[in-house]
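Asker: Provided herewith is a single structure, encoded as C-alpha cells, for subsequent inquiry.
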Amino acid sequence: MTTLVISHPACLAHEMGEGHPERPDRLRAIERALESEAYQMLARDLAPRADLDAVARVHPKDYIEAIRAATPKQGLTAVDPDTSMSPGSYEAALRAAGGALFAVDEVMSGKVRNAFVATRPPGHHAEVANPMGFCFFNNAAIAARHAQAAHGAERVAIVDFDVHHGNGTQHIFWDDPTVTYASTHEMPLYPGTGAVGERGEHNQIVNAPLRAGDSGETFREAMEVVILPRVEAFSPDLIIVSAGFDAHHRDPLGNLNLVEADYGWATRRLMGIARRKCGERVVSVLEGGYDLDGLARSVAVHVTTLMEG
C-alpha cells in the first residue's frame with residue numbers, strides 16, 4: 001500500500017490576474033518539491049474531470065451551470081471581489097473536484113493507503129451556491145459526499161488547518177450529523193466565521209480559532225485539546241484533510257507562525273486516528289498556501305509523512 005499524488009496540467013490554466021496570490025506557480029512549486037528521489041515510490045495519477053452528478057451532491061446543478069456559463073472566452077471575469085475566472089478556470093475546477101473524487105475511490109477501495117490531491121482552485125470557501133475566497137466547488141465536501149454515496153461511508157471527518165476558516169464546508173454540513181468539520185484557523189481574519197460557538201445543529205462542528213502571532217506550540221495545543229479528541233470520538237470511516245499551508249510563518253495572507261514540522265506532526269496525529277478508526281484511510285486536498293517556498297517545503301513534509309504510513 002502506498003501514497004497516491006493526484007494532479008492535472010489543466011489546473012495550471014486557471015488564472016486570476018497578474019499578482020494574484022492563488023496562481024499557477026503554486027502547483028509548479030509543489031511539483032518541483034516532489035521530484036526528488038525521496039518521492040520515487042509515490043503512485044501518481046491525473047485527476048479526471050468530475051462527474052457533474054457527484055458535484056451536484058453538494059452544489060445545485062443550476063449553480064454548476066452558472067459557473068460554467070461565467071467562464072470567459074478570453075480575459076477575466078470576476079465572480080466575487082477576490083475571485084476571477086479565466087478561460088481555463090471551469091476545466092481546472094472540474095479537475096480539482098475530480099481529483100478529490102478519484103482519491104476517495106482509490107483510498108476507499110484499498111488500492112492505496114492515502115492520497116494527496118495537488119490541484120487548484122481550492123475549495124473550502126465555496127458554499128452551496130456561492131463562489132468566494134478563490135473557490136468555486138468545495139472539493140472536500142464533494143469528496144465526503146462521494147465517500148458516503150459511492151462507498152457506504154457512514155461518518156466522514158473533515159479536518160481543516162488552513163489559516164482561513166472553511167466557511168463553505170461548515171455551511172454545507174451545518175445540519176448534518178454524519179459529517180464532522182473541525183478547523184484551526186486565525187481569527188479575526190477572512191472570512192470572519194469560525195468562532196468557538198459555531199457548533200452546528202448536532203454539535204458536530206468544531207472550531208479552535210488561533211490569534212495572530214500564535215506559533216506551532218499553540219496550534220499543536222489546539223489540535224491536541226480540541227480537534228483530535230473530537231475526531232477520534234466521532235469514529236469516522238474516512239478522514240479528509242483540507243490541507244492549507246498558509247498558516248506557515250512565511251505566508252503573506254496569514255499571521256500565524258507554523259513551520260514545516262508542525263504540518264508533519266498534525267499529519268502524523270491524524271494518520272494515527274485513521275489507523276485506529278478507519279483502516280488508515282486519509283484523503284488530503286490542497287487548499288491555501290501562498291508563499292511558494294513555504295508551500296513547497298510544507299507539502300513535502302506532509303507527503304513524506306503520508307508515505308511513512
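Labeling convention for the C-alpha cells: chains A, B, ... as they appear, residues from 1 per chain, ligands from 1 in order of appearance.
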Please provide as a list of chain:residue names all residues within 9 Å of Leu228 of chain A, with the sequence filter that same-chain residues fewer than 5 positions apart are discarded (counting only C-alpha atoms).

Answerer: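 In the requested form, the answer reads A:Ala182, A:Ala222, A:Met223, A:Ala233, A:Arg269, A:Leu270, A:Ile273.
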
Asker: Could you please take those selected residues and save all heavy atoms as a tab-separated table (two decimals), in the first residue's frame?

Answerer:
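Full text of selection.tsv as output:
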```
chain	number	residue	atom	x	y	z
A	182	ALA	N	-13.88	20.04	11.52
A	182	ALA	CA	-13.04	20.53	12.61
A	182	ALA	C	-11.95	21.42	12.03
A	182	ALA	O	-11.23	21.00	11.11
A	182	ALA	CB	-12.43	19.37	13.39
A	222	ALA	N	-4.08	23.38	20.39
A	222	ALA	CA	-5.46	23.41	19.91
A	222	ALA	C	-5.84	22.07	19.27
A	222	ALA	O	-6.95	21.56	19.48
A	222	ALA	CB	-5.64	24.54	18.89
A	223	MET	N	-4.93	21.50	18.52
A	223	MET	CA	-5.20	20.19	17.92
A	223	MET	C	-5.34	19.11	19.00
A	223	MET	O	-6.29	18.32	18.97
A	223	MET	CB	-4.08	19.82	16.95
A	223	MET	CG	-4.02	20.68	15.69
A	223	MET	SD	-5.34	20.36	14.50
A	223	MET	CE	-4.81	18.79	13.82
A	233	ALA	N	-13.34	10.60	18.72
A	233	ALA	CA	-14.62	10.18	19.30
A	233	ALA	C	-15.69	10.00	18.23
A	233	ALA	O	-16.62	9.20	18.41
A	233	ALA	CB	-15.08	11.21	20.33
A	269	ARG	N	-0.48	12.75	13.51
A	269	ARG	CA	-1.54	12.53	14.50
A	269	ARG	C	-2.85	12.12	13.84
A	269	ARG	O	-3.56	11.24	14.35
A	269	ARG	CB	-1.74	13.78	15.36
A	269	ARG	CG	-0.55	14.14	16.25
A	269	ARG	CD	-0.17	12.99	17.20
A	269	ARG	NE	-1.30	12.52	17.95
A	269	ARG	CZ	-1.74	13.05	19.11
A	269	ARG	NH1	-1.09	14.06	19.63
A	269	ARG	NH2	-2.78	12.56	19.74
A	270	LEU	N	-3.18	12.74	12.72
A	270	LEU	CA	-4.39	12.37	12.01
A	270	LEU	C	-4.28	10.95	11.44
A	270	LEU	O	-5.25	10.18	11.46
A	270	LEU	CB	-4.68	13.36	10.88
A	270	LEU	CG	-5.13	14.75	11.35
A	270	LEU	CD1	-5.12	15.74	10.20
A	270	LEU	CD2	-6.52	14.68	11.99
A	273	ILE	N	-5.10	8.48	14.16
A	273	ILE	CA	-6.55	8.28	14.34
A	273	ILE	C	-7.09	7.41	13.21
A	273	ILE	O	-7.90	6.49	13.44
A	273	ILE	CB	-7.28	9.63	14.39
A	273	ILE	CG1	-6.84	10.43	15.63
A	273	ILE	CG2	-8.79	9.42	14.40
A	273	ILE	CD1	-7.42	11.82	15.70
```

Asker: List the neighbours of His14 of chain A out to 10 Å using only C-alpha atoms; skip same-chain residues closer than 4 positions along the sequence, and give me the result as a list in words.

Answerer: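 Selected residues are Pro9, Ala10, Glu22, Arg23, Pro24, Ser84, Met85, Ser86, Pro87, Gly88, Ser89, Tyr90, Glu91, Ala92, Ala93, Arg120 and Pro121 of chain A.
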
Asker: Quick one: distance from atom CA of His20 of chain A to atom CA of Arg250 of chain A in Å, one decimal?

Answerer: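 Going from atom CA of His20 of chain A over to atom CA of Arg250 of chain A, I get 16.7 Å.
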
Asker: Please, what distance in Å, to one decimal, runs between atom CA of Arg49 of chain A and atom CA of Arg113 of chain A?

Answerer: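 Interatomic distance here is 22.5 Å.
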
Asker: Ranking A:Gly98, A:Val241, A:Gly216, A:Glu224 by minimum distance to Asn255 of chain A and counting only C-alpha atoms, which one comes first?

Answerer: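 Among the listed residues, A:Gly216 lies closest to Asn255 of chain A.
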
Asker: Tell me which protein, DNA and RNA residues are within 6 Å of segment 3-6 of chain A, counting only C-alpha atoms, leaving out same-chain ones fewer than 5 positions away, and put them as a list in words.

Answerer: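 Here the answer would be Leu42, Ala43, Arg44, Asp45, Leu46, Ala47, Val112, Arg113, Asn114, Ala115, Phe116, Val117, Ala118 and Met307 of chain A.
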
Asker: Export, as a compact mmCIF listing (two decimals), in the first residue's frame, the selected residues with C-alpha atoms.

Answerer:
```
# COMPACT_ATOMS: atom_id res chain seq x y z
CA LEU A 42 4.79 7.66 -4.84
CA ALA A 43 1.95 6.48 -7.03
CA ARG A 44 0.95 9.31 -9.35
CA ASP A 45 -2.12 9.84 -11.49
CA LEU A 46 -4.01 12.51 -13.38
CA ALA A 47 -7.19 13.99 -11.97
CA VAL A 112 -3.69 2.98 -1.85
CA ARG A 113 -3.34 3.82 1.83
CA ASN A 114 -3.80 7.55 1.44
CA ALA A 115 -3.77 10.28 -1.20
CA PHE A 116 -2.80 13.92 -1.65
CA VAL A 117 -4.67 15.93 -4.29
CA ALA A 118 -2.35 18.64 -5.64
CA MET A 307 4.29 7.95 2.86
```

Asker: Just how far from atom CA of Met108 of chain A is atom CA of His151 of chain A, in Å to one decimal?

Answerer: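 Interatomic distance here is 6.7 Å.
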
Asker: For Glu287 of chain A, which residue among A:Ser242, A:Ser109, A:Gln74, A:Asn167 is the nearest when counting only C-alpha atoms?

Answerer: A:Ser242

Asker: Can you tell me, as an MDAnalysis selection string, which residues in segment 161-282 of chain A count as strand (DSSP E or B) by DSSP?

Answerer: chainID A and resid 179:186 205:210 215 238:243 248 257:258 282

Asker: Counting only C-alpha atoms, which residues of segment 153-192 of chain A fall within 8 Å of segment 236-240 of chain A, and what is the closest atom pair for each with its distance in Å at one decimal, ordered by chain and rising number, as a Markdown table?

Answerer:
```
| residue | atom | partner | partner_atom | distance |
| --- | --- | --- | --- | --- |
| A:Ala153 | CA | A:Asp237 | CA | 5.6 |
| A:Glu154 | CA | A:Asp237 | CA | 6.6 |
| A:Arg155 | CA | A:Pro236 | CA | 4.9 |
| A:Val156 | CA | A:Pro236 | CA | 5.0 |
| A:Ala157 | CA | A:Ile239 | CA | 4.9 |
| A:Ile158 | CA | A:Ile240 | CA | 4.7 |
| A:Val159 | CA | A:Ile240 | CA | 6.3 |
```

Asker: When DSSP works through the backbone of this structure, what residues of segment 80-299 of chain A end up as alpha helix (DSSP H), shown as a ChimeraX atom specification?

Answerer: /A:89-108,139-151,167-172,216-222,228-234,260-277,292-299

Asker: Which residue, A:Asp53, A:Asp162, A:Glu260, A:Asp80, has the smallest gap to Ala97 of chain A when you use only C-alpha atoms?

Answerer: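 Between A:Asp53, A:Asp162, A:Glu260, A:Asp80, the residue approaching Ala97 of chain A most closely is A:Asp53.
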
Asker: Could you pull the residues within 9 Å of Ala100 of chain A, counting only C-alpha atoms, minus those fewer than 4 positions along the same chain, as number ranges by chain?

Answerer: A: 6, 47, 50, 95-96, 104-105, 116-117, 119, 139-140, 142-143, 283-285
